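Containing PDB, N, CA and C atoms: work-v3.pdb.
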```pdb
MODEL        1
ATOM      1  N   MET A   4      70.718  45.838 134.565  1.00  0.00           N
ATOM      2  CA  MET A   4      70.038  46.476 133.466  1.00  0.00           C
ATOM      3  C   MET A   4      68.995  45.525 132.898  1.00  0.00           C
ATOM      4  N   PRO A   5      67.734  45.740 133.219  1.00  0.00           N
ATOM      5  CA  PRO A   5      66.689  44.831 132.759  1.00  0.00           C
ATOM      6  C   PRO A   5      66.390  45.024 131.270  1.00  0.00           C
ATOM      7  N   TYR A   6      65.831  43.987 130.680  1.00  0.00           N
ATOM      8  CA  TYR A   6      65.416  44.033 129.290  1.00  0.00           C
ATOM      9  C   TYR A   6      63.982  44.550 129.207  1.00  0.00           C
ATOM     10  N   TYR A   7      63.679  45.308 128.159  1.00  0.00           N
ATOM     11  CA  TYR A   7      62.309  45.744 127.916  1.00  0.00           C
ATOM     12  C   TYR A   7      61.490  44.527 127.489  1.00  0.00           C
ATOM     13  N   GLN A   8      60.243  44.472 127.932  1.00  0.00           N
ATOM     14  CA  GLN A   8      59.367  43.348 127.599  1.00  0.00           C
ATOM     15  C   GLN A   8      58.630  43.561 126.282  1.00  0.00           C
ATOM     16  N   THR A   9      58.339  44.818 125.938  1.00  0.00           N
ATOM     17  CA  THR A   9      57.622  45.081 124.691  1.00  0.00           C
ATOM     18  C   THR A   9      58.479  45.904 123.749  1.00  0.00           C
ATOM     19  N   TRP A  10      58.349  45.609 122.457  1.00  0.00           N
ATOM     20  CA  TRP A  10      59.137  46.285 121.450  1.00  0.00           C
ATOM     21  C   TRP A  10      58.786  47.769 121.367  1.00  0.00           C
ATOM     22  N   GLU A  11      57.503  48.089 121.445  1.00  0.00           N
ATOM     23  CA  GLU A  11      57.062  49.469 121.291  1.00  0.00           C
ATOM     24  C   GLU A  11      57.686  50.378 122.352  1.00  0.00           C
ATOM     25  N   GLU A  12      57.694  49.923 123.593  1.00  0.00           N
ATOM     26  CA  GLU A  12      58.317  50.701 124.673  1.00  0.00           C
ATOM     27  C   GLU A  12      59.798  50.917 124.405  1.00  0.00           C
ATOM     28  N   PHE A  13      60.480  49.846 124.013  1.00  0.00           N
ATOM     29  CA  PHE A  13      61.918  49.933 123.762  1.00  0.00           C
ATOM     30  C   PHE A  13      62.216  50.893 122.615  1.00  0.00           C
ATOM     31  N   ALA A  14      61.476  50.779 121.514  1.00  0.00           N
ATOM     32  CA  ALA A  14      61.739  51.618 120.342  1.00  0.00           C
ATOM     33  C   ALA A  14      61.540  53.094 120.675  1.00  0.00           C
ATOM     34  N   ARG A  15      60.460  53.420 121.397  1.00  0.00           N
ATOM     35  CA  ARG A  15      60.216  54.807 121.788  1.00  0.00           C
ATOM     36  C   ARG A  15      61.320  55.326 122.697  1.00  0.00           C
ATOM     37  N   ALA A  16      61.708  54.523 123.679  1.00  0.00           N
ATOM     38  CA  ALA A  16      62.746  54.943 124.629  1.00  0.00           C
ATOM     39  C   ALA A  16      64.092  55.106 123.931  1.00  0.00           C
ATOM     40  N   ALA A  17      64.418  54.206 123.009  1.00  0.00           N
ATOM     41  CA  ALA A  17      65.700  54.279 122.306  1.00  0.00           C
ATOM     42  C   ALA A  17      65.781  55.525 121.436  1.00  0.00           C
ATOM     43  N   GLU A  18      64.719  55.823 120.705  1.00  0.00           N
ATOM     44  CA  GLU A  18      64.732  57.014 119.856  1.00  0.00           C
ATOM     45  C   GLU A  18      64.795  58.286 120.703  1.00  0.00           C
ATOM     46  N   LYS A  19      64.060  58.307 121.805  1.00  0.00           N
ATOM     47  CA  LYS A  19      64.083  59.467 122.705  1.00  0.00           C
ATOM     48  C   LYS A  19      65.479  59.665 123.292  1.00  0.00           C
ATOM     49  N   LEU A  20      66.122  58.569 123.703  1.00  0.00           N
ATOM     50  CA  LEU A  20      67.468  58.651 124.250  1.00  0.00           C
ATOM     51  C   LEU A  20      68.435  59.197 123.212  1.00  0.00           C
ATOM     52  N   TYR A  21      68.319  58.726 121.970  1.00  0.00           N
ATOM     53  CA  TYR A  21      69.210  59.215 120.917  1.00  0.00           C
ATOM     54  C   TYR A  21      68.999  60.706 120.670  1.00  0.00           C
ATOM     55  N   LEU A  22      67.754  61.131 120.614  1.00  0.00           N
ATOM     56  CA  LEU A  22      67.467  62.529 120.294  1.00  0.00           C
ATOM     57  C   LEU A  22      67.878  63.491 121.406  1.00  0.00           C
ATOM     58  N   THR A  23      67.995  63.019 122.657  1.00  0.00           N
ATOM     59  CA  THR A  23      68.404  63.908 123.738  1.00  0.00           C
ATOM     60  C   THR A  23      69.867  64.327 123.610  1.00  0.00           C
ATOM     61  N   ASP A  24      70.745  63.398 123.237  1.00  0.00           N
ATOM     62  CA  ASP A  24      72.162  63.741 123.057  1.00  0.00           C
ATOM     63  C   ASP A  24      72.801  62.781 122.057  1.00  0.00           C
ATOM     64  N   PRO A  25      72.703  63.086 120.767  1.00  0.00           N
ATOM     65  CA  PRO A  25      73.187  62.169 119.726  1.00  0.00           C
ATOM     66  C   PRO A  25      74.687  61.871 119.788  1.00  0.00           C
ATOM     67  N   MET A  26      75.484  62.758 120.345  1.00  0.00           N
ATOM     68  CA  MET A  26      76.930  62.539 120.351  1.00  0.00           C
ATOM     69  C   MET A  26      77.384  61.520 121.396  1.00  0.00           C
ATOM     70  N   LYS A  27      76.531  61.192 122.355  1.00  0.00           N
ATOM     71  CA  LYS A  27      76.920  60.255 123.409  1.00  0.00           C
ATOM     72  C   LYS A  27      76.334  58.861 123.232  1.00  0.00           C
ATOM     73  N   VAL A  28      75.328  58.725 122.393  1.00  0.00           N
ATOM     74  CA  VAL A  28      74.606  57.454 122.280  1.00  0.00           C
ATOM     75  C   VAL A  28      75.322  56.504 121.338  1.00  0.00           C
ATOM     76  N   ARG A  29      75.330  55.232 121.714  1.00  0.00           N
ATOM     77  CA  ARG A  29      75.842  54.191 120.822  1.00  0.00           C
ATOM     78  C   ARG A  29      74.885  53.008 120.841  1.00  0.00           C
ATOM     79  N   VAL A  30      74.899  52.275 119.744  1.00  0.00           N
ATOM     80  CA  VAL A  30      73.985  51.155 119.546  1.00  0.00           C
ATOM     81  C   VAL A  30      74.812  49.897 119.319  1.00  0.00           C
ATOM     82  N   VAL A  31      74.461  48.827 120.023  1.00  0.00           N
ATOM     83  CA  VAL A  31      75.179  47.566 119.894  1.00  0.00           C
ATOM     84  C   VAL A  31      74.171  46.473 119.561  1.00  0.00           C
ATOM     85  N   LEU A  32      74.464  45.705 118.511  1.00  0.00           N
ATOM     86  CA  LEU A  32      73.676  44.527 118.163  1.00  0.00           C
ATOM     87  C   LEU A  32      74.531  43.300 118.434  1.00  0.00           C
ATOM     88  N   LYS A  33      73.938  42.296 119.057  1.00  0.00           N
ATOM     89  CA  LYS A  33      74.692  41.077 119.355  1.00  0.00           C
ATOM     90  C   LYS A  33      73.808  39.867 119.083  1.00  0.00           C
ATOM     91  N   TYR A  34      74.318  38.938 118.275  1.00  0.00           N
ATOM     92  CA  TYR A  34      73.591  37.705 117.982  1.00  0.00           C
ATOM     93  C   TYR A  34      74.327  36.537 118.610  1.00  0.00           C
ATOM     94  N   ARG A  35      73.592  35.720 119.365  1.00  0.00           N
ATOM     95  CA  ARG A  35      74.166  34.520 119.972  1.00  0.00           C
ATOM     96  C   ARG A  35      73.570  33.304 119.259  1.00  0.00           C
ATOM     97  N   HIS A  36      74.399  32.675 118.437  1.00  0.00           N
ATOM     98  CA  HIS A  36      73.932  31.545 117.635  1.00  0.00           C
ATOM     99  C   HIS A  36      73.535  30.356 118.502  1.00  0.00           C
ATOM    100  N   CYS A  37      74.238  30.139 119.600  1.00  0.00           N
ATOM    101  CA  CYS A  37      73.988  28.957 120.427  1.00  0.00           C
ATOM    102  C   CYS A  37      72.568  28.924 120.993  1.00  0.00           C
ATOM    103  N   ASP A  38      71.993  30.087 121.321  1.00  0.00           N
ATOM    104  CA  ASP A  38      70.616  30.100 121.809  1.00  0.00           C
ATOM    105  C   ASP A  38      69.674  30.859 120.883  1.00  0.00           C
ATOM    106  N   GLY A  39      70.174  31.372 119.760  1.00  0.00           N
ATOM    107  CA  GLY A  39      69.339  32.015 118.763  1.00  0.00           C
ATOM    108  C   GLY A  39      68.764  33.350 119.177  1.00  0.00           C
ATOM    109  N   ASN A  40      69.445  34.078 120.055  1.00  0.00           N
ATOM    110  CA  ASN A  40      68.945  35.371 120.529  1.00  0.00           C
ATOM    111  C   ASN A  40      69.661  36.521 119.841  1.00  0.00           C
ATOM    112  N   LEU A  41      68.884  37.534 119.502  1.00  0.00           N
ATOM    113  CA  LEU A  41      69.430  38.786 119.011  1.00  0.00           C
ATOM    114  C   LEU A  41      69.151  39.845 120.061  1.00  0.00           C
ATOM    115  N   CYS A  42      70.200  40.531 120.496  1.00  0.00           N
ATOM    116  CA  CYS A  42      70.069  41.563 121.526  1.00  0.00           C
ATOM    117  C   CYS A  42      70.454  42.907 120.920  1.00  0.00           C
ATOM    118  N   ILE A  43      69.702  43.933 121.268  1.00  0.00           N
ATOM    119  CA  ILE A  43      70.058  45.295 120.886  1.00  0.00           C
ATOM    120  C   ILE A  43      70.174  46.111 122.165  1.00  0.00           C
ATOM    121  N   LYS A  44      71.253  46.886 122.239  1.00  0.00           N
ATOM    122  CA  LYS A  44      71.490  47.727 123.406  1.00  0.00           C
ATOM    123  C   LYS A  44      71.740  49.145 122.918  1.00  0.00           C
ATOM    124  N   VAL A  45      71.053  50.101 123.523  1.00  0.00           N
ATOM    125  CA  VAL A  45      71.236  51.519 123.223  1.00  0.00           C
ATOM    126  C   VAL A  45      71.621  52.181 124.541  1.00  0.00           C
ATOM    127  N   THR A  46      72.774  52.845 124.548  1.00  0.00           N
ATOM    128  CA  THR A  46      73.265  53.418 125.800  1.00  0.00           C
ATOM    129  C   THR A  46      73.957  54.753 125.560  1.00  0.00           C
ATOM    130  N   ASP A  47      73.924  55.582 126.606  1.00  0.00           N
ATOM    131  CA  ASP A  47      74.687  56.835 126.596  1.00  0.00           C
ATOM    132  C   ASP A  47      75.598  56.896 127.823  1.00  0.00           C
ATOM    133  N   ASN A  48      75.928  55.766 128.390  1.00  0.00           N
ATOM    134  CA  ASN A  48      76.756  55.577 129.583  1.00  0.00           C
ATOM    135  C   ASN A  48      76.043  55.940 130.876  1.00  0.00           C
ATOM    136  N   ALA A  49      74.923  56.640 130.806  1.00  0.00           N
ATOM    137  CA  ALA A  49      74.136  56.926 132.005  1.00  0.00           C
ATOM    138  C   ALA A  49      72.881  56.055 132.023  1.00  0.00           C
ATOM    139  N   VAL A  50      72.280  55.872 130.861  1.00  0.00           N
ATOM    140  CA  VAL A  50      71.065  55.072 130.703  1.00  0.00           C
ATOM    141  C   VAL A  50      71.371  53.953 129.727  1.00  0.00           C
ATOM    142  N   CYS A  51      70.945  52.743 130.051  1.00  0.00           N
ATOM    143  CA  CYS A  51      71.165  51.593 129.188  1.00  0.00           C
ATOM    144  C   CYS A  51      69.820  50.926 128.908  1.00  0.00           C
ATOM    145  N   LEU A  52      69.451  50.855 127.637  1.00  0.00           N
ATOM    146  CA  LEU A  52      68.207  50.232 127.219  1.00  0.00           C
ATOM    147  C   LEU A  52      68.544  48.941 126.477  1.00  0.00           C
ATOM    148  N   GLN A  53      67.854  47.839 126.812  1.00  0.00           N
ATOM    149  CA  GLN A  53      68.147  46.547 126.186  1.00  0.00           C
ATOM    150  C   GLN A  53      66.866  45.845 125.788  1.00  0.00           C
ATOM    151  N   TYR A  54      66.951  45.111 124.669  1.00  0.00           N
ATOM    152  CA  TYR A  54      65.836  44.293 124.205  1.00  0.00           C
ATOM    153  C   TYR A  54      66.413  43.020 123.610  1.00  0.00           C
ATOM    154  N   LYS A  55      65.802  41.886 123.929  1.00  0.00           N
ATOM    155  CA  LYS A  55      66.294  40.592 123.449  1.00  0.00           C
ATOM    156  C   LYS A  55      65.130  39.818 122.849  1.00  0.00           C
ATOM    157  N   THR A  56      65.391  39.141 121.711  1.00  0.00           N
ATOM    158  CA  THR A  56      64.349  38.346 121.074  1.00  0.00           C
ATOM    159  C   THR A  56      64.945  37.168 120.318  1.00  0.00           C
ATOM    160  N   ASP A  57      64.080  36.192 120.058  1.00  0.00           N
ATOM    161  CA  ASP A  57      64.442  35.081 119.189  1.00  0.00           C
ATOM    162  C   ASP A  57      63.377  34.867 118.121  1.00  0.00           C
ATOM    163  N   GLN A  58      62.472  35.838 117.985  1.00  0.00           N
ATOM    164  CA  GLN A  58      61.377  35.761 117.027  1.00  0.00           C
ATOM    165  C   GLN A  58      61.725  36.529 115.745  1.00  0.00           C
ATOM    166  N   ALA A  59      61.435  35.932 114.589  1.00  0.00           N
ATOM    167  CA  ALA A  59      61.760  36.548 113.299  1.00  0.00           C
ATOM    168  C   ALA A  59      61.082  37.903 113.083  1.00  0.00           C
ATOM    169  N   PRO A  60      59.801  38.085 113.417  1.00  0.00           N
ATOM    170  CA  PRO A  60      59.204  39.413 113.226  1.00  0.00           C
ATOM    171  C   PRO A  60      59.890  40.499 114.060  1.00  0.00           C
ATOM    172  N   ASP A  61      60.345  40.161 115.250  1.00  0.00           N
ATOM    173  CA  ASP A  61      61.060  41.125 116.085  1.00  0.00           C
ATOM    174  C   ASP A  61      62.411  41.476 115.476  1.00  0.00           C
ATOM    175  N   VAL A  62      63.041  40.525 114.823  1.00  0.00           N
ATOM    176  CA  VAL A  62      64.324  40.786 114.170  1.00  0.00           C
ATOM    177  C   VAL A  62      64.139  41.839 113.082  1.00  0.00           C
ATOM    178  N   LYS A  63      63.048  41.747 112.335  1.00  0.00           N
ATOM    179  CA  LYS A  63      62.753  42.749 111.305  1.00  0.00           C
ATOM    180  C   LYS A  63      62.539  44.127 111.931  1.00  0.00           C
ATOM    181  N   LYS A  64      61.873  44.177 113.085  1.00  0.00           N
ATOM    182  CA  LYS A  64      61.648  45.451 113.769  1.00  0.00           C
ATOM    183  C   LYS A  64      62.963  46.046 114.242  1.00  0.00           C
ATOM    184  N   ILE A  65      63.836  45.196 114.763  1.00  0.00           N
ATOM    185  CA  ILE A  65      65.154  45.666 115.204  1.00  0.00           C
ATOM    186  C   ILE A  65      65.926  46.227 114.027  1.00  0.00           C
ATOM    187  N   GLU A  66      65.874  45.524 112.898  1.00  0.00           N
ATOM    188  CA  GLU A  66      66.571  45.981 111.703  1.00  0.00           C
ATOM    189  C   GLU A  66      66.042  47.351 111.252  1.00  0.00           C
ATOM    190  N   LYS A  67      64.732  47.538 111.321  1.00  0.00           N
ATOM    191  CA  LYS A  67      64.126  48.807 110.921  1.00  0.00           C
ATOM    192  C   LYS A  67      64.547  49.941 111.861  1.00  0.00           C
ATOM    193  N   LEU A  68      64.513  49.705 113.174  1.00  0.00           N
ATOM    194  CA  LEU A  68      64.931  50.731 114.140  1.00  0.00           C
ATOM    195  C   LEU A  68      66.411  51.047 113.987  1.00  0.00           C
ATOM    196  N   HIS A  69      67.224  50.033 113.797  1.00  0.00           N
ATOM    197  CA  HIS A  69      68.664  50.233 113.639  1.00  0.00           C
ATOM    198  C   HIS A  69      68.934  51.102 112.414  1.00  0.00           C
ATOM    199  N   GLY A  70      68.241  50.822 111.319  1.00  0.00           N
ATOM    200  CA  GLY A  70      68.389  51.638 110.118  1.00  0.00           C
ATOM    201  C   GLY A  70      67.964  53.075 110.348  1.00  0.00           C
ATOM    202  N   LYS A  71      66.874  53.267 111.076  1.00  0.00           N
ATOM    203  CA  LYS A  71      66.387  54.623 111.376  1.00  0.00           C
ATOM    204  C   LYS A  71      67.405  55.386 112.210  1.00  0.00           C
ATOM    205  N   LEU A  72      67.961  54.737 113.235  1.00  0.00           N
ATOM    206  CA  LEU A  72      68.974  55.393 114.071  1.00  0.00           C
ATOM    207  C   LEU A  72      70.229  55.707 113.263  1.00  0.00           C
ATOM    208  N   MET A  73      70.627  54.810 112.373  1.00  0.00           N
ATOM    209  CA  MET A  73      71.814  55.064 111.551  1.00  0.00           C
ATOM    210  C   MET A  73      71.579  56.244 110.610  1.00  0.00           C
ATOM    211  N   ARG A  74      70.372  56.346 110.026  1.00  0.00           N
ATOM    212  CA  ARG A  74      70.067  57.494 109.177  1.00  0.00           C
ATOM    213  C   ARG A  74      70.113  58.800 109.980  1.00  0.00           C
ATOM    214  N   LEU A  75      69.603  58.776 111.198  1.00  0.00           N
ATOM    215  CA  LEU A  75      69.678  59.971 112.049  1.00  0.00           C
ATOM    216  C   LEU A  75      71.124  60.330 112.352  1.00  0.00           C
ATOM    217  N   MET A  76      71.965  59.317 112.544  1.00  0.00           N
ATOM    218  CA  MET A  76      73.359  59.567 112.897  1.00  0.00           C
ATOM    219  C   MET A  76      74.148  60.180 111.751  1.00  0.00           C
ATOM    220  N   VAL A  77      73.811  59.835 110.508  1.00  0.00           N
ATOM    221  CA  VAL A  77      74.583  60.347 109.378  1.00  0.00           C
ATOM    222  C   VAL A  77      73.951  61.588 108.739  1.00  0.00           C
ATOM    223  N   SER A  78      72.761  61.997 109.213  1.00  0.00           N
ATOM    224  CA  SER A  78      72.124  63.177 108.651  1.00  0.00           C
ATOM    225  C   SER A  78      72.824  64.439 109.142  1.00  0.00           C
ATOM    226  N   LYS A  79      72.513  65.547 108.519  1.00  0.00           N
ATOM    227  CA  LYS A  79      73.172  66.810 108.833  1.00  0.00           C
ATOM    228  C   LYS A  79      72.868  67.317 110.227  1.00  0.00           C
ATOM    229  N   GLY A  80      71.764  66.907 110.819  1.00  0.00           N
ATOM    230  CA  GLY A  80      71.462  67.342 112.181  1.00  0.00           C
ATOM    231  C   GLY A  80      70.501  68.504 112.248  1.00  0.00           C
ATOM    232  N   ASP A  81      69.771  68.778 111.179  1.00  0.00           N
ATOM    233  CA  ASP A  81      68.783  69.857 111.184  1.00  0.00           C
ATOM    234  C   ASP A  81      67.440  69.408 111.703  1.00  0.00           C
ATOM    235  N   ALA A  82      67.348  68.200 112.193  1.00  0.00           N
ATOM    236  CA  ALA A  82      66.063  67.662 112.624  1.00  0.00           C
ATOM    237  C   ALA A  82      65.569  68.265 113.899  1.00  0.00           C
TER
ENDMDL
END
```
Could you rewrite the structure in this file as structure tokens?
Amino acid sequence: MPYYQTWEEFARAAEKLYLTDPMKVRVVLKYRHCDGNLCIKVTDNAVCLQYKTDQAPDVKKIEKLHGKLMRLMVSKGDA
């Protein structure tokens, strides 16, 4: 499972994957202190999307996308 090289591609693919079948998608965030990497993985068991960074601006982008996905997950589903 390769990592996406650009944030924009990953964010679009992750949101599209979530919107196709919200009940199967899960999001995993993992921080490795020893090498300072933050990884985000979005998967539905058939497709796995991954992005890894050690840059502070990318961490903010991950936080924003994670919040957006969480809001979609807890909304009523009329979207």
Let's see if you can do this: from backbone DSSP, list all strand (DSSP E or B) residues in chain A, as a PDB file with N, CA and C atoms, keeping the file's coordinate frame.
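Output file out37.pdb follows:
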```
ATOM      1  N   TYR A   6      65.831  43.987 130.680  1.00  0.00           N
ATOM      2  CA  TYR A   6      65.416  44.033 129.290  1.00  0.00           C
ATOM      3  C   TYR A   6      63.982  44.550 129.207  1.00  0.00           C
ATOM      4  N   ARG A  29      75.330  55.232 121.714  1.00  0.00           N
ATOM      5  CA  ARG A  29      75.842  54.191 120.822  1.00  0.00           C
ATOM      6  C   ARG A  29      74.885  53.008 120.841  1.00  0.00           C
ATOM      7  N   VAL A  30      74.899  52.275 119.744  1.00  0.00           N
ATOM      8  CA  VAL A  30      73.985  51.155 119.546  1.00  0.00           C
ATOM      9  C   VAL A  30      74.812  49.897 119.319  1.00  0.00           C
ATOM     10  N   VAL A  31      74.461  48.827 120.023  1.00  0.00           N
ATOM     11  CA  VAL A  31      75.179  47.566 119.894  1.00  0.00           C
ATOM     12  C   VAL A  31      74.171  46.473 119.561  1.00  0.00           C
ATOM     13  N   LEU A  32      74.464  45.705 118.511  1.00  0.00           N
ATOM     14  CA  LEU A  32      73.676  44.527 118.163  1.00  0.00           C
ATOM     15  C   LEU A  32      74.531  43.300 118.434  1.00  0.00           C
ATOM     16  N   LYS A  33      73.938  42.296 119.057  1.00  0.00           N
ATOM     17  CA  LYS A  33      74.692  41.077 119.355  1.00  0.00           C
ATOM     18  C   LYS A  33      73.808  39.867 119.083  1.00  0.00           C
ATOM     19  N   TYR A  34      74.318  38.938 118.275  1.00  0.00           N
ATOM     20  CA  TYR A  34      73.591  37.705 117.982  1.00  0.00           C
ATOM     21  C   TYR A  34      74.327  36.537 118.610  1.00  0.00           C
ATOM     22  N   ARG A  35      73.592  35.720 119.365  1.00  0.00           N
ATOM     23  CA  ARG A  35      74.166  34.520 119.972  1.00  0.00           C
ATOM     24  C   ARG A  35      73.570  33.304 119.259  1.00  0.00           C
ATOM     25  N   ASN A  40      69.445  34.078 120.055  1.00  0.00           N
ATOM     26  CA  ASN A  40      68.945  35.371 120.529  1.00  0.00           C
ATOM     27  C   ASN A  40      69.661  36.521 119.841  1.00  0.00           C
ATOM     28  N   LEU A  41      68.884  37.534 119.502  1.00  0.00           N
ATOM     29  CA  LEU A  41      69.430  38.786 119.011  1.00  0.00           C
ATOM     30  C   LEU A  41      69.151  39.845 120.061  1.00  0.00           C
ATOM     31  N   CYS A  42      70.200  40.531 120.496  1.00  0.00           N
ATOM     32  CA  CYS A  42      70.069  41.563 121.526  1.00  0.00           C
ATOM     33  C   CYS A  42      70.454  42.907 120.920  1.00  0.00           C
ATOM     34  N   ILE A  43      69.702  43.933 121.268  1.00  0.00           N
ATOM     35  CA  ILE A  43      70.058  45.295 120.886  1.00  0.00           C
ATOM     36  C   ILE A  43      70.174  46.111 122.165  1.00  0.00           C
ATOM     37  N   LYS A  44      71.253  46.886 122.239  1.00  0.00           N
ATOM     38  CA  LYS A  44      71.490  47.727 123.406  1.00  0.00           C
ATOM     39  C   LYS A  44      71.740  49.145 122.918  1.00  0.00           C
ATOM     40  N   VAL A  45      71.053  50.101 123.523  1.00  0.00           N
ATOM     41  CA  VAL A  45      71.236  51.519 123.223  1.00  0.00           C
ATOM     42  C   VAL A  45      71.621  52.181 124.541  1.00  0.00           C
ATOM     43  N   THR A  46      72.774  52.845 124.548  1.00  0.00           N
ATOM     44  CA  THR A  46      73.265  53.418 125.800  1.00  0.00           C
ATOM     45  C   THR A  46      73.957  54.753 125.560  1.00  0.00           C
ATOM     46  N   CYS A  51      70.945  52.743 130.051  1.00  0.00           N
ATOM     47  CA  CYS A  51      71.165  51.593 129.188  1.00  0.00           C
ATOM     48  C   CYS A  51      69.820  50.926 128.908  1.00  0.00           C
ATOM     49  N   LEU A  52      69.451  50.855 127.637  1.00  0.00           N
ATOM     50  CA  LEU A  52      68.207  50.232 127.219  1.00  0.00           C
ATOM     51  C   LEU A  52      68.544  48.941 126.477  1.00  0.00           C
ATOM     52  N   GLN A  53      67.854  47.839 126.812  1.00  0.00           N
ATOM     53  CA  GLN A  53      68.147  46.547 126.186  1.00  0.00           C
ATOM     54  C   GLN A  53      66.866  45.845 125.788  1.00  0.00           C
ATOM     55  N   TYR A  54      66.951  45.111 124.669  1.00  0.00           N
ATOM     56  CA  TYR A  54      65.836  44.293 124.205  1.00  0.00           C
ATOM     57  C   TYR A  54      66.413  43.020 123.610  1.00  0.00           C
ATOM     58  N   LYS A  55      65.802  41.886 123.929  1.00  0.00           N
ATOM     59  CA  LYS A  55      66.294  40.592 123.449  1.00  0.00           C
ATOM     60  C   LYS A  55      65.130  39.818 122.849  1.00  0.00           C
ATOM     61  N   THR A  56      65.391  39.141 121.711  1.00  0.00           N
ATOM     62  CA  THR A  56      64.349  38.346 121.074  1.00  0.00           C
ATOM     63  C   THR A  56      64.945  37.168 120.318  1.00  0.00           C
TER      64      THR A  56
END
```
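Here atom CA of A:Tyr7 stands at a distance of 20.9 Å from atom C of A:Cys37.
For the structure shown here, the set of residues caught by the PyMOL selection byres (((chain A and resi 13-17 and name CA) around 8) and name CA) is Tyr7, Thr9, Trp10, Glu11, Glu12, Glu18, Lys19, Leu20, Tyr21, Val45, Leu52, Gln53, Tyr54 and Leu68 of chain A.
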*A:Gln8, A:Ser78, A:Asn40, A:Thr46: which is nearest A:Val28, counting only C-alpha atoms?*
A:Thr46
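Going from atom N of A:Lys71 to atom N of A:His36 covers 23.1 Å.
Comparing A:Lys63, A:Lys27, A:His69, A:Arg35 by their smallest distance to A:Asp47, the closest is A:Lys27 (using only N, CA and C atoms).
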*atom CA of A:Asp24 to atom CA of A:Leu41, straight-line distance in Å*: 25.4 Å
*Test item, alpha helix (DSSP H) assignment across stretch 6-82 of chain A, answer as JSON, numbers by chain*: {"A": [10, 11, 12, 13, 14, 15, 16, 17, 18, 19, 20, 21, 22, 23, 59, 60, 61, 62, 63, 64, 65, 66, 67, 68, 69, 70, 71, 72, 73, 74, 75, 76, 77]}
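The smallest atom-to-atom distance between A:Lys44 and any of A:Val31, A:Ala59, A:Ile65, A:Met76, using all atoms listed in the file, is found for A:Val31.
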May I have the centre and edge lengths, in Å to one decimal, of an axis-aligned box around the listed atoms of stretch 32-48 of chain A with 4 Å added to every side, as AutoDock Vina command-line options?
```
--center_x 72.8 --center_y 42.9 --center_z 124.3 --size_x 16.0 --size_y 36.0 --size_z 21.2
```
*Evaluate the PyMOL selection byres ((chain A and resi 4) around 6.5) here and jot the selected residues down as a ChimeraX atom specification.*
/A:5-6,51
*asked:* List the spatial neighbours of A:Asp38 as an MDAnalysis selection string - criterion: any atom at most 12 Å away, only C-alpha atoms, same-chain residues fewer than 6 positions off excluded.
replied: chainID A and resid 55:58
